[in-house]
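J.: Can you read through this structure? Questions will come right after.
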Amino acid sequence: MSTNTIPCTINGKDVEVKEGSTIIEAMKANGVEIAHYCWHPGLSVAGVCRMCMVEIEGNPRLQIACNTQVVKGMKINNTSDKVKDAVKWTLDFHLINHPLDCPICDQAGECGLQDQYMHYGKYEPEMAEAKVKKHKVVDLGPRVVLDSERCILCSRCVRFTDEVSKTNELGIFNRGDRADISTFPGKPLDNNYSMNTVDICPVGALTSKDFRFRQRAWLLKEHQTVCTGCSTGCSTKVFFNKEGLFRVKPVYNEQVNGHWMCDIGRDVYKFVNKEARLFDAKVSGKGTGAGNGLGAEWILPKRAALKVGETLRANKGKGVALVLTGQHTVEEYDALLGFFKNDLGSDRVFHWVNTVGGGPESLEAFDGLLLRGDRNPNTAGLKESLQKFGIKTQWKELLEGLASGAITTVVVAGPENQTFFPDFKAKVVELSKAPRLIWLTAGKNLDLDNLTGDVTLIPLKSYLEKSGTFVNHAGLRQKIAKGLTIVPNALSLTEVAELFAGREIEAAESCSSIGVGRVQNEATTVRGSL
Amino acid sequence: MSLVQRPKPIANWFLPGILSGMGLTFSKLFWNLVTYVGGNRRIPTLNYPEEKYEYSPRFKGNHVLTVKKDGSLRCTACMLCATNCPADCITIVAAEHNDPTVEKYPISYQIDVLRCVFCGFCEEACPVDAIRMGPEWQTPGLNGASFNYDIMQLAYRPQLKGGIASVVDEKERHEAGI
Ligand code: SF4
Ligand code: SF4
Ligand code: SF4
Ligand code: SF4
Ligand code: FES
């Protein structure tokens, strides 16, 4: 596409737009609102919904904006009464057979039909015929449910499986008002990108099974972050309220993921939710109640970290090893490595490499769209930090050290997302051979709980509870910001490093907390005065 | 349109207002104590619980969840009532119904009635006439827990004699092609 711009007029305002762009692109680029269902910036143009009507000076009929190119000096208008009337009755056509499902429809609150009805509609329906009944609750695949009655046949989902995922599962079958989205017999919608169809469906026809009926859209708040599902690092937003996190959706990012994200990445919120988390530090073994037959002691994470730091420093770091995974931020690596290198003078830092698909070659795997074999958000950042501190170690040195007794204490900054570590159990067994084990972890784990001996578990913050930087596979540095609090007393590795070094940490800045007491009904109090 | 009446500067002179208010209160008290109408004092009190006051049928008392013809809950778990509730005292957990024509229903519906301000906004928000404010207002309880009403209490308490039928019937609407 050329980079030349041409002048045109949109709603009476003179603007310069890229040559060759369509009217709808020109409008979006200039922040003009326009109704549309079938057009999506990441898909080809279909021109089937007829909602994007605009008036072009010198042209007696209205045109669709999504399939008309801007030419020099074009005078475009989408605020005239003629356009408004056309959009209104197009909307009425779309709604002829539409069920009155909003109360049970997961799309309600973020639905294109509701939005445009409030904007252009507000009419009394004039259709005297009975509605055509179609299929409801159709199981399209393991993650997506279809309600045919709600579908407006915009064909976005069909184009997505044609053009983006290239899996061609979906099609439009039958004709006229009996037309139906469906799959082919024995070929369910089961690709790793299937939930994008739920996002792009402008109505509630395609909904996610995972999110189905769990919350209403308007009761959720958003926080933008980076996906920790793999080393691509897609821009995402998580949706949460005081009961927890409920879903993840992609955010447009030209450099990384475009408009999409994969289905695996949509599950990452599950390991952050409080059901999966460790809440307090657990100390067992010498010097605790354990020796007196009292079992383990649960204490404040901060106290546990200070205590561990004391003994680490008392031994001058003799026989201490650190194990890191690619799941934490650059700032955290630097802080912890700084403590080990400068305060303890230890070089024994080891990178726990996890492979989900077999051998080390699977780390380089790429599905051609987004998902990568390396399921850590920050492997590149970890390698960078290790290099910065001049650390070159092999995993087998750790094993040798453990066998020979040269390593007596192992500090593990364990993975946040244990599902991507198939060797988790094996590593717990391997590392618990150390006489003293300090395991920092965000999630709780039965294997860790069952460990006996001198073991300290310290809860860590998840990626939503701290700020930092992830470096993706291509070396792109992406900032994440703290958005919410789930485990109030959890620590980040930076804070752990400070506490290990015997320094106090300042109190955390406040932000929305999940599951902490009862707050005002935000749904009504933000509405303004009645 | 509702116009907001801002208090005038004179309202800052609150003492005269208070005094005139107290004057009214005490004059009523005095005259009610000393005047008799038909041999009775004019103080309008009742010997509760022997005598009971009849409230108007529009009285907004304890909530009722209405039921369909088959006796199952009318509520579709849309959570509009919970959204609209200024006291944030409605907690609903939605679930998938076995019958695909029902789809969504509340597996748990709780009103913390001690937080409720009986404003009736829930009733007004409901799109399917699933919640109403009933006429009952005498609701003793043994402890706090007995004021956290669940579905059994809200829809099927003995006083309701099997449940109150909703005016919105999905089957009829489907057959009429709506
Ligand atoms: S698709 Fe939109 S308009 Fe239709 S039932 Fe769902 S929320 Fe309502
Ligand atoms: S299911 Fe949704 S995205 Fe697909 S054609 Fe229907 S309305 Fe469009
Ligand atoms: S009456 Fe008002 S306060 Fe009580 S449950 Fe209904 S909406 Fe909430
Ligand atoms: S009572 Fe009415 S408003 Fe409340 S969830 Fe049920 S259907 Fe919705
Ligand atoms: S957006 Fe232009 S016709 Fe659908």
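Chain labels A, B, ... are given in the sequence in which chains occur in the structure tokens; within each chain residues are numbered consecutively from 1, and ligands are likewise numbered from 1 in the order shown.
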Per residue of chain B within 10 Å of chain A, note the shortest atom pair and the distance in Å to one decimal, counting only C-alpha atoms, and order the rows by chain and increasing residue number, as JSON lines.
T.:
```
{"residue": "B:Cys75", "atom": "CA", "partner": "A:Pro103", "partner_atom": "CA", "distance": 9.9}
{"residue": "B:Thr76", "atom": "CA", "partner": "A:Ile104", "partner_atom": "CA", "distance": 6.5}
{"residue": "B:Ala77", "atom": "CA", "partner": "A:Ile104", "partner_atom": "CA", "distance": 7.2}
{"residue": "B:Cys78", "atom": "CA", "partner": "A:Pro103", "partner_atom": "CA", "distance": 4.7}
{"residue": "B:Met79", "atom": "CA", "partner": "A:Arg216", "partner_atom": "CA", "distance": 7.4}
{"residue": "B:Leu80", "atom": "CA", "partner": "A:Pro103", "partner_atom": "CA", "distance": 8.0}
{"residue": "B:Ala82", "atom": "CA", "partner": "A:Ala523", "partner_atom": "CA", "distance": 9.0}
{"residue": "B:Thr83", "atom": "CA", "partner": "A:Ala523", "partner_atom": "CA", "distance": 5.8}
{"residue": "B:Asn84", "atom": "CA", "partner": "A:Thr524", "partner_atom": "CA", "distance": 6.3}
{"residue": "B:Cys85", "atom": "CA", "partner": "A:Thr524", "partner_atom": "CA", "distance": 7.4}
{"residue": "B:Pro86", "atom": "CA", "partner": "A:Thr524", "partner_atom": "CA", "distance": 6.3}
{"residue": "B:Ala87", "atom": "CA", "partner": "A:Asn521", "partner_atom": "CA", "distance": 6.9}
{"residue": "B:Asp88", "atom": "CA", "partner": "A:Asn521", "partner_atom": "CA", "distance": 5.1}
{"residue": "B:Cys89", "atom": "CA", "partner": "A:Asn521", "partner_atom": "CA", "distance": 8.8}
{"residue": "B:Ile92", "atom": "CA", "partner": "A:Gln215", "partner_atom": "CA", "distance": 9.7}
{"residue": "B:Val93", "atom": "CA", "partner": "A:Arg214", "partner_atom": "CA", "distance": 7.5}
{"residue": "B:Ala94", "atom": "CA", "partner": "A:Phe213", "partner_atom": "CA", "distance": 5.9}
{"residue": "B:Ala95", "atom": "CA", "partner": "A:Phe213", "partner_atom": "CA", "distance": 6.4}
{"residue": "B:Glu96", "atom": "CA", "partner": "A:Phe213", "partner_atom": "CA", "distance": 7.4}
{"residue": "B:Pro100", "atom": "CA", "partner": "A:Val137", "partner_atom": "CA", "distance": 6.6}
{"residue": "B:Thr101", "atom": "CA", "partner": "A:Lys136", "partner_atom": "CA", "distance": 7.9}
{"residue": "B:Val102", "atom": "CA", "partner": "A:Ile104", "partner_atom": "CA", "distance": 9.2}
{"residue": "B:Glu103", "atom": "CA", "partner": "A:Ile104", "partner_atom": "CA", "distance": 7.6}
{"residue": "B:Lys104", "atom": "CA", "partner": "A:Ile104", "partner_atom": "CA", "distance": 6.1}
{"residue": "B:Tyr105", "atom": "CA", "partner": "A:Ile104", "partner_atom": "CA", "distance": 8.6}
{"residue": "B:Pro106", "atom": "CA", "partner": "A:Phe213", "partner_atom": "CA", "distance": 9.8}
{"residue": "B:Cys126", "atom": "CA", "partner": "A:Pro103", "partner_atom": "CA", "distance": 9.2}
{"residue": "B:Pro127", "atom": "CA", "partner": "A:Pro103", "partner_atom": "CA", "distance": 7.6}
{"residue": "B:Val128", "atom": "CA", "partner": "A:Pro103", "partner_atom": "CA", "distance": 9.0}
{"residue": "B:His174", "atom": "CA", "partner": "A:Lys131", "partner_atom": "CA", "distance": 8.8}
{"residue": "B:Glu175", "atom": "CA", "partner": "A:Ala130", "partner_atom": "CA", "distance": 8.8}
{"residue": "B:Ala176", "atom": "CA", "partner": "A:Ala130", "partner_atom": "CA", "distance": 6.9}
{"residue": "B:Gly177", "atom": "CA", "partner": "A:Ala130", "partner_atom": "CA", "distance": 4.2}
{"residue": "B:Ile178", "atom": "CA", "partner": "A:Lys131", "partner_atom": "CA", "distance": 6.2}
```
J.: For the residues in that selection, give me N, CA, C and O atoms as a CSV table (one decimal), in the first residue's frame.
T.:
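That gives us again_4.csv:
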```
chain,number,residue,atom,x,y,z
B,75,CYS,N,-37.0,-17.1,37.6
B,75,CYS,CA,-35.8,-16.3,37.5
B,75,CYS,C,-34.9,-17.0,36.5
B,75,CYS,O,-34.7,-18.2,36.4
B,76,THR,N,-34.3,-16.1,35.6
B,76,THR,CA,-33.4,-16.6,34.6
B,76,THR,C,-31.9,-16.3,35.0
B,76,THR,O,-31.0,-16.5,34.1
B,77,ALA,N,-31.7,-15.8,36.1
B,77,ALA,CA,-30.4,-15.5,36.6
B,77,ALA,C,-29.7,-14.4,35.7
B,77,ALA,O,-28.5,-14.6,35.4
B,78,CYS,N,-30.4,-13.4,35.3
B,78,CYS,CA,-29.8,-12.4,34.5
B,78,CYS,C,-29.0,-11.4,35.3
B,78,CYS,O,-28.2,-10.6,34.8
B,79,MET,N,-29.2,-11.4,36.6
B,79,MET,CA,-28.5,-10.5,37.5
B,79,MET,C,-28.8,-9.1,37.4
B,79,MET,O,-28.0,-8.2,37.9
B,80,LEU,N,-29.9,-8.7,36.7
B,80,LEU,CA,-30.2,-7.3,36.7
B,80,LEU,C,-30.6,-6.8,38.0
B,80,LEU,O,-30.3,-5.6,38.4
B,82,ALA,N,-29.5,-7.8,40.9
B,82,ALA,CA,-28.3,-7.7,41.7
B,82,ALA,C,-27.5,-6.5,41.3
B,82,ALA,O,-26.9,-5.8,42.1
B,83,THR,N,-27.5,-6.2,40.0
B,83,THR,CA,-26.8,-5.0,39.5
B,83,THR,C,-27.5,-3.7,40.0
B,83,THR,O,-26.8,-2.8,40.3
B,84,ASN,N,-28.8,-3.7,40.0
B,84,ASN,CA,-29.6,-2.5,40.4
B,84,ASN,C,-29.6,-2.3,41.9
B,84,ASN,O,-29.9,-1.2,42.3
B,85,CYS,N,-29.4,-3.3,42.6
B,85,CYS,CA,-29.6,-3.3,44.1
B,85,CYS,C,-28.6,-2.3,44.7
B,85,CYS,O,-27.4,-2.5,44.7
B,86,PRO,N,-29.1,-1.2,45.3
B,86,PRO,CA,-28.2,-0.2,45.9
B,86,PRO,C,-27.5,-0.8,47.2
B,86,PRO,O,-26.5,-0.2,47.5
B,87,ALA,N,-28.1,-1.8,47.8
B,87,ALA,CA,-27.5,-2.3,49.0
B,87,ALA,C,-26.6,-3.5,48.7
B,87,ALA,O,-25.9,-4.0,49.6
B,88,ASP,N,-26.5,-3.9,47.4
B,88,ASP,CA,-25.6,-5.0,47.0
B,88,ASP,C,-25.9,-6.2,47.9
B,88,ASP,O,-25.0,-6.8,48.4
B,89,CYS,N,-27.2,-6.5,48.1
B,89,CYS,CA,-27.4,-7.6,49.0
B,89,CYS,C,-28.0,-8.9,48.3
B,89,CYS,O,-28.3,-9.8,48.9
B,92,ILE,N,-26.3,-14.1,43.3
B,92,ILE,CA,-26.8,-15.1,42.5
B,92,ILE,C,-25.7,-15.9,41.9
B,92,ILE,O,-24.7,-15.3,41.5
B,93,VAL,N,-25.9,-17.2,41.8
B,93,VAL,CA,-24.9,-18.1,41.1
B,93,VAL,C,-25.7,-18.7,40.0
B,93,VAL,O,-26.7,-19.4,40.3
B,94,ALA,N,-25.4,-18.4,38.8
B,94,ALA,CA,-26.1,-19.0,37.6
B,94,ALA,C,-25.5,-20.3,37.2
B,94,ALA,O,-24.4,-20.6,37.5
B,95,ALA,N,-26.4,-21.1,36.6
B,95,ALA,CA,-25.9,-22.4,36.1
B,95,ALA,C,-26.6,-22.8,34.8
B,95,ALA,O,-27.6,-22.2,34.5
B,96,GLU,N,-26.1,-23.8,34.2
B,96,GLU,CA,-26.7,-24.3,32.9
B,96,GLU,C,-27.8,-25.3,33.3
B,96,GLU,O,-27.6,-26.2,34.0
B,100,PRO,N,-32.6,-27.4,27.4
B,100,PRO,CA,-32.0,-26.4,26.6
B,100,PRO,C,-33.0,-25.2,26.4
B,100,PRO,O,-32.5,-24.1,26.0
B,101,THR,N,-34.3,-25.4,26.6
B,101,THR,CA,-35.2,-24.3,26.4
B,101,THR,C,-35.1,-23.3,27.5
B,101,THR,O,-35.6,-22.2,27.4
B,102,VAL,N,-34.6,-23.8,28.7
B,102,VAL,CA,-34.5,-22.9,29.8
B,102,VAL,C,-33.1,-22.2,29.8
B,102,VAL,O,-32.9,-21.1,30.1
B,103,GLU,N,-32.1,-23.0,29.5
B,103,GLU,CA,-30.7,-22.6,29.4
B,103,GLU,C,-30.1,-22.2,30.7
B,103,GLU,O,-29.2,-22.8,31.3
B,104,LYS,N,-30.5,-21.0,31.2
B,104,LYS,CA,-29.8,-20.4,32.4
B,104,LYS,C,-30.8,-20.3,33.6
B,104,LYS,O,-31.9,-19.9,33.4
B,105,TYR,N,-30.4,-20.7,34.7
B,105,TYR,CA,-31.2,-20.6,35.9
B,105,TYR,C,-30.3,-20.4,37.1
B,105,TYR,O,-29.1,-20.7,37.1
B,106,PRO,N,-30.9,-19.8,38.2
B,106,PRO,CA,-30.1,-19.6,39.4
B,106,PRO,C,-29.9,-20.9,40.2
B,106,PRO,O,-30.9,-21.4,40.6
B,126,CYS,N,-36.3,-6.4,37.1
B,126,CYS,CA,-36.5,-7.8,36.6
B,126,CYS,C,-37.3,-7.8,35.3
B,126,CYS,O,-38.4,-7.2,35.3
B,127,PRO,N,-36.7,-8.4,34.3
B,127,PRO,CA,-37.4,-8.4,33.0
B,127,PRO,C,-38.5,-9.4,32.9
B,127,PRO,O,-39.3,-9.4,31.9
B,128,VAL,N,-38.6,-10.3,33.8
B,128,VAL,CA,-39.5,-11.5,33.6
B,128,VAL,C,-40.5,-11.6,34.8
B,128,VAL,O,-41.0,-12.7,35.0
B,174,HIS,N,-43.2,-18.2,23.2
B,174,HIS,CA,-42.6,-19.0,22.1
B,174,HIS,C,-43.7,-19.3,21.1
B,174,HIS,O,-43.5,-19.2,19.9
B,175,GLU,N,-44.8,-19.8,21.6
B,175,GLU,CA,-45.9,-20.2,20.7
B,175,GLU,C,-46.5,-19.0,19.9
B,175,GLU,O,-46.8,-19.2,18.7
B,176,ALA,N,-46.5,-17.9,20.5
B,176,ALA,CA,-47.0,-16.7,19.9
B,176,ALA,C,-45.9,-16.1,18.9
B,176,ALA,O,-46.2,-15.2,18.2
B,177,GLY,N,-44.7,-16.7,18.9
B,177,GLY,CA,-43.7,-16.3,17.9
B,177,GLY,C,-43.0,-15.1,18.3
B,177,GLY,O,-42.5,-14.3,17.5
B,178,ILE,N,-42.9,-14.8,19.6
B,178,ILE,CA,-42.1,-13.6,20.1
B,178,ILE,C,-40.7,-14.0,20.3
B,178,ILE,O,-40.5,-15.0,21.1
```
J.: What residues have any atom no more than 12 Å from ligand 3 when counting only C-alpha atoms and all ligand atoms, and can you list them as a PyMOL selection string?
T.: (chain A and resi 521+524) or (chain B and resi 59-65+79-92+109-126+131-134+148-149+154)
J.: Residues at most 12 Å from ligand 5, using only C-alpha atoms and all ligand atoms? Could they come as a PyMOL selection string?
T.: chain A and resi 22-25+34-41+43-54+62-68+87+90-91+94+112+152-156+202
J.: Taking the DSSP assignment computed from this structure's backbone, write out as a list of chain:residue names all residues of range 106-178 of chain B that belong to strand (DSSP E or B).
T.: B:Pro106, B:Ile107, B:Ser108, B:Tyr109, B:Gln110, B:Ile111, B:Asp112, B:Ile131, B:Arg132, B:Met133, B:Asn148, B:Tyr149, B:Ala165
J.: Would you export the selected residues with N, CA and C atoms as a compact mmCIF listing (two decimals), in the first residue's frame, please?
T.:
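Here's the written file result.txt:
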```txt
# COMPACT_ATOMS: atom_id res chain seq x y z
N PRO B 106 -30.89 -19.85 38.20
CA PRO B 106 -30.05 -19.62 39.37
C PRO B 106 -29.94 -20.88 40.20
N ILE B 107 -28.73 -21.34 40.41
CA ILE B 107 -28.56 -22.52 41.26
C ILE B 107 -28.56 -22.06 42.71
N SER B 108 -28.24 -20.79 42.91
CA SER B 108 -28.37 -20.23 44.25
C SER B 108 -28.80 -18.78 44.11
N TYR B 109 -29.75 -18.37 44.92
CA TYR B 109 -30.23 -16.99 44.89
C TYR B 109 -30.40 -16.58 46.34
N GLN B 110 -29.63 -15.62 46.78
CA GLN B 110 -29.70 -15.25 48.19
C GLN B 110 -29.91 -13.75 48.33
N ILE B 111 -30.78 -13.38 49.25
CA ILE B 111 -30.93 -11.98 49.61
C ILE B 111 -30.58 -11.83 51.08
N ASP B 112 -29.62 -10.98 51.33
CA ASP B 112 -29.24 -10.68 52.69
C ASP B 112 -30.20 -9.58 53.15
N ILE B 131 -39.14 -11.53 40.46
CA ILE B 131 -39.04 -11.15 41.87
C ILE B 131 -40.07 -10.05 42.14
N ARG B 132 -40.77 -10.22 43.25
CA ARG B 132 -41.75 -9.21 43.66
C ARG B 132 -41.55 -8.93 45.13
N MET B 133 -42.01 -7.77 45.54
CA MET B 133 -42.01 -7.46 46.95
C MET B 133 -43.37 -7.87 47.48
N ASN B 148 -30.63 -14.42 55.86
CA ASN B 148 -30.04 -14.59 54.54
C ASN B 148 -30.95 -15.54 53.78
N TYR B 149 -31.93 -14.97 53.07
CA TYR B 149 -32.96 -15.80 52.46
C TYR B 149 -32.43 -16.53 51.24
N ALA B 165 -47.37 -17.56 40.97
CA ALA B 165 -47.10 -17.73 39.55
C ALA B 165 -46.73 -16.41 38.91
```
J.: Calculate how many Å separate CA of Ala434 in chain A from CA of Thr408 in chain A, rounding to one decimal.
T.: 5.5 Å
J.: Skipping near chain neighbours, those fewer than 6 positions away, what residues fall within 10 Å of range 69-72 of chain B using only C-alpha atoms, listed as a PyMOL selection string?
T.: chain B and resi 105+155-156+162-167+169+171
J.: Go through the chains and note each residue within 10 Å of ligand 2, using only C-alpha atoms and all ligand atoms, then give the set as a ChimeraX atom specification.
T.: /A:37-38,49,112,145-160,170-172,179-182,196-207
J.: Run DSSP on the backbone of this structure and report the residues of range 11-87 of chain B it assigns to helix (DSSP H, G or I), as a list in words.
T.: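 So the helix (DSSP H, G or I) residues in range 11-87 of chain B would be Ala11, Asn12, Phe14, Leu15, Pro16, Gly17, Ile18, Leu19, Ser20, Gly21, Met22, Gly23, Leu24, Thr25, Phe26, Ser27, Lys28, Leu29, Phe30, Trp31, Asn32, Leu33, Val34, Leu80, Cys81, Ala82, Thr83 and Asn84 of chain B.
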J.: Grab the CA of Val238 in chain A to CA of Arg372 in chain A distance for me, in Å with one decimal place.
T.: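 Taking CA of Val238 in chain A and CA of Arg372 in chain A, their separation equals 20.9 Å.
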J.: Find the residues near Lys122 in chain A: any atom within 12 Å, counting only C-alpha atoms, skip ones fewer than 3 places away on the same chain, and give them as a PyMOL selection string.
T.: chain A and resi 84-85+87-89+91-92+113-119+125
